[in-house]
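Colleague: Below is one structure. I have some questions about it.
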Amino acid sequence: MDAIYGLMQGFEVAMLPANLLAAFIGVALGTAVGVLPGLGPLGGAALILPFTYTMSPEAAIIMIAGIYYGGMYGGSTTSVLLNVPGETASVVTTLDGYPLTQKGRAGPTLFIMAVGSAIAAFISLVLVALWSPWLARFGLNFGPAEFFAVMTCGLIVLSRISGGSLLSNLFPLMVGVVAGTIGQEAVSSEVRFTFGYFPLVAGLELTAIAIGLFGLAEILRVVERPDTTPKVMRVRVRDMLPSREEWRRSWGPWGRGSLIGFLFGLLPGPSAAMSSFASYRVEKRFAIGRAEMGKGAIEGVAGPEAANNAAATSGMIPVLSLGLPFSATLALILAALMIHGIQPGPLLPTQHPDIFWGVIASMFVGNLMLLVLNIPMIGIWVSILQVPMWLLGAIVLVIATVGTFSVRGSITDVYVLLGATMVGYFFHKLGFNLAPLILGFILGPLIETHLRQGLFLSRGNLSYFVERPIAGAIWGVTIAVFVGVFLIRWFRRDLSRKLDAMAADD
Amino acid sequence: MNCLDSEADSGAHRTWRTGRIAAGALGLIFSILYLIEGNSLPFGRMRAPGPGVFPMFVGVLLALVSLGVILEAIVTREPGRTTYPYGPDMRRLLLVSGCFVLYVALLMTIGFLAATIFFVTCFGRFVGNVSWVRAGIGGLGIALTVWAVFTLVLGVRLPAGIWS
């Protein structure tokens, strides 16, 4: 009952003119950055961060969230039309999306994607409403030991499952955590690690680091490649309506994809990308047109697109109710909340229901906007690809620099931006994952605070951090995941070695 | 062709190993400096930990992880591949990076408008291969638009440099 009341209150907040405008700007910018090669939703969210400082907290979060799911939709548009995924979660969409375009079904595919995203957002919204009262009650049992466990274990699990070797994730994670300790410390106001340079007393600015790592480093990679403007086919609005057969075949994948996406959004890791891959595998087994998968089956687009959208909505639950972001974009949302002086946690749905429910409801409203924005205006989005890359690159670099400067009026932040750009460029080249760096930077100071609070409360007893039931269970699950992933990889490697040996014998 | 491919592959593997060793070494050097600096911070007691405890812990972890990165780069049988651009691509990247560094350096000296016109003009010329005139017009347009949005709409004071 509380959830229904909360949801109604959420829709009231989401429908306020200022918040509708924030959602509109968010999804429009998100679609644009998703369509553009190079700059993804993460870079877009980082670029918009300095502009959200003067907004209300709800509008700020609604706008960043809009960029997040708008970017995923935009990324999928280029997957379908050009076979070029705008971001990781859209890679799967190329498998059937582009063959559908080659069959002349690009318009209906984009239509199915947009409707599926809105349906997934709605299903996810209902599941969030059912889930959140329980989570809020569960969250009330959280103290420093539980927060310390959930944040530390979240980072550890993320490092293990984010792809690449363990060290490719741990190294940037530790760099981020260490960078987070620079400046005045929260508990005793002691100034740390400024190495005598006074402007560092205020700490490194998150905006500078996020924009440098995910926005400008990406522009440098675009500069590397010769300028190519892709040739895009024209999509007319009247050709976009799906056939009856396509509608019939999409309902199942939308439902399955939404459930898969919802569950993945609650887990650590790149949930949007992982859920779209998982949904594709499920569709390969259960879809009506499974025989056509990979050659242009509508289920191969409908399922994964619903999944990544549902994951975007449910990914908000751990951020808002536990203060725990499982991806870099969600970490930026957490940072935006904290900048506005709002501490996300179990008390958020009761203390700030306007923010909790407003953001969740706005995701449904935003997805409806995406539908309205994308179906009739598909030609405009695609034409963005025709704008010369040098012009877009120059605009992004200038706005990034000025945006970073505008946060605190400090040129030191611009130097930090420059440094973060170089780190982002070289780390990417060397195969280090960048998401753990920003997560470590944001969560590091929170982990330190919970660690010190826990030690104060337990009078220095370290066993306090594992003997409480929830904290102990979290550590147990983490160890199980860690060992499980190691064993699975070891068995796979052993099996492939044996198969290679058998093939060689034959 | 295969011979060329495998040569390129081994070059990319070598670049990956060298880059990783360099990154690990930088991490290690920084962690040592960090631990030396952190040593002067109060540690407090177990029941009332001071601001030096957490940094000491993460500093040691960074040092160990950096060592791990170096060792992994040396001993792994499955190295990654790293390729840097070369020829005109490398020239373009270096020119743009140089212009950007210069832009940041000049921002406070010659002010936002002049620095932005200079930077966007160079960017258009080197990346877009457009004429100096077209690039200059682009520079002027972007500089004025961004200045108007930030100053007149958002009320942000942009650096004016020597013109202030």
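Each chain in the structure tokens gets a letter, A, B, ..., in the order shown, and its residues are numbered from 1; ligands are numbered from 1 in order too.
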Once you count only C-alpha atoms, which residues of chain B turn out to be within 6 Å of chain A? Could you give them as a list in words?
Modeller: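 Per the criterion, chain B yields Trp16, Met46, Arg47, Ala48, Leu62, Val65, Thr82, Asp89, Leu93, Val120, Gly124, Val127 and Gly128 of chain B.
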Colleague: Find the residues near stretch 125-129 of chain A: any atom within 7 Å, counting only C-alpha atoms, skip ones fewer than 3 places away on the same chain, and give them as a PyMOL selection string.
Modeller: chain A and resi 3+121-122+132+314+360
Colleague: What would the file look like if the residues just selected were written as a tab-separated table (two decimals), in the first residue's frame with C-alpha atoms?
Modeller:
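Saved as part_12.tsv:
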```
chain	number	residue	atom	x	y	z
A	3	ALA	CA	4.48	1.48	-2.38
A	121	ALA	CA	10.55	0.32	-17.84
A	122	PHE	CA	6.93	-0.18	-16.78
A	132	SER	CA	11.26	-1.55	-2.30
A	314	SER	CA	16.31	-1.64	-11.24
A	360	ILE	CA	11.79	5.78	-10.42
```
Colleague: From stretch 37-163 of chain B, collect each residue whose DSSP state is strand (DSSP E) and return the set as a list in words.
Modeller: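 Residues of stretch 37-163 of chain B classed as strand (DSSP E): Gly44, Arg45, Ala48 and Pro49 of chain B.
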Colleague: At what distance in Å, to one decimal, does atom CA of A:Gly70 lie from atom CA of A:Ile378?
Modeller: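 Answer for the atom CA of A:Ile378 to atom CA of A:Gly70 separation: 13.3 Å.
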Colleague: Using only C-alpha atoms, which residues sit within 8 Å of B:Met108 once same-chain residues fewer than 3 positions away are excluded, as a PDB file with C-alpha atoms, in the first residue's frame?
Modeller:
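Wrote it out as selection.pdb, contents follow:
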```pdb
ATOM      1  CA  ILE A 411      42.032  26.095 -12.791  1.00  0.00           C
TER       2      ILE A 411
ATOM      3  CA  VAL B 104      44.521  24.806 -20.750  1.00  0.00           C
ATOM      4  CA  ALA B 105      47.781  26.686 -20.139  1.00  0.00           C
ATOM      5  CA  GLY B 111      41.285  34.453 -21.470  1.00  0.00           C
ATOM      6  CA  PHE B 112      38.541  32.086 -22.544  1.00  0.00           C
ATOM      7  CA  PRO B 159      38.518  33.422 -17.246  1.00  0.00           C
ATOM      8  CA  ALA B 160      39.127  36.797 -18.942  1.00  0.00           C
ATOM      9  CA  GLY B 161      42.942  36.680 -18.636  1.00  0.00           C
TER      10      GLY B 161
END
```
Colleague: Write out as a list in words which residues come within 6 Å of A:Tyr98 when counting only C-alpha atoms, dropping same-chain ones fewer than 4 positions away.
Modeller: Val80, Asn83 and Thr94 of chain A
Colleague: With N, CA, C and O atoms retained, could you export that selection as a PDB file, in the first residue's frame?
Modeller:
```pdb
ATOM      1  N   VAL A  80      21.466  -1.002 -35.101  1.00  0.00           N
ATOM      2  CA  VAL A  80      20.520  -1.509 -36.093  1.00  0.00           C
ATOM      3  C   VAL A  80      20.827  -0.935 -37.479  1.00  0.00           C
ATOM      4  O   VAL A  80      20.893  -1.664 -38.466  1.00  0.00           O
ATOM      5  N   ASN A  83      25.294  -1.208 -37.960  1.00  0.00           N
ATOM      6  CA  ASN A  83      26.074  -2.319 -37.413  1.00  0.00           C
ATOM      7  C   ASN A  83      27.198  -1.811 -36.509  1.00  0.00           C
ATOM      8  O   ASN A  83      28.217  -2.474 -36.340  1.00  0.00           O
ATOM      9  N   THR A  94      23.357  -5.670 -32.498  1.00  0.00           N
ATOM     10  CA  THR A  94      23.864  -5.739 -33.882  1.00  0.00           C
ATOM     11  C   THR A  94      23.618  -7.126 -34.495  1.00  0.00           C
ATOM     12  O   THR A  94      23.441  -7.236 -35.702  1.00  0.00           O
TER      13      THR A  94
END
```
Colleague: So which bits of stretch 19-164 of chain B end up alpha helix (DSSP H) when you DSSP the backbone, as a PyMOL selection string?
Modeller: chain B and resi 19-38+53-75+88-126+132-147
Colleague: Point out the residue among A:Glu467, A:Arg408, A:Ala335, A:Gly139 with the least atom-to-atom distance to B:Leu158, counting only C-alpha atoms.
Modeller: A:Arg408
Colleague: Which value, in Å to one decimal, gives the distance between atom CA of B:Thr121 and atom CA of B:Leu95?
Modeller: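 We find that atom CA of B:Thr121 and atom CA of B:Leu95 lie 12.2 Å from each other.
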Colleague: Of the residues B:Pro55, B:Val101, B:Leu67, B:Ala25, which is the one nearest to B:Glu37, using only C-alpha atoms?
Modeller: B:Pro55
Colleague: For atom CA of A:Ile288 and atom CA of A:Gly107, quote the distance in Å rounded to one decimal.
Modeller: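 Taking atom CA of A:Ile288 as the start and atom CA of A:Gly107 as the end point, the length is 21.1 Å.
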Colleague: At a cut-off of 9 Å, using only C-alpha atoms, what residues contact B:Ala114? Leave out same-chain residues fewer than 5 positions from it and give the result as a ChimeraX atom specification.
Modeller: /B:106-107,119,140,143
Colleague: Using only C-alpha atoms, which of the listed residues (A:Ala18, A:Met363, A:Met338, A:Met113) sits closest to A:Glu299?
Modeller: A:Met113
Colleague: Mind checking which residues fall within 8 Å of A:Pro57, counting only C-alpha atoms, ignoring those fewer than 2 positions away in the same chain, and posting them as a list in words?
Modeller: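 Listing them by chain and then by number gives Met55, Ala59, Ala60, Ile61, Ala336, Leu337, His340 and Ile355 of chain A.
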Colleague: For A:Val396, which of B:Leu94, B:Val133, B:Ile110, B:Phe123 is the closest residue, counting only C-alpha atoms?
Modeller: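 Using only C-alpha atoms, A:Val396 sits closest to B:Phe123.
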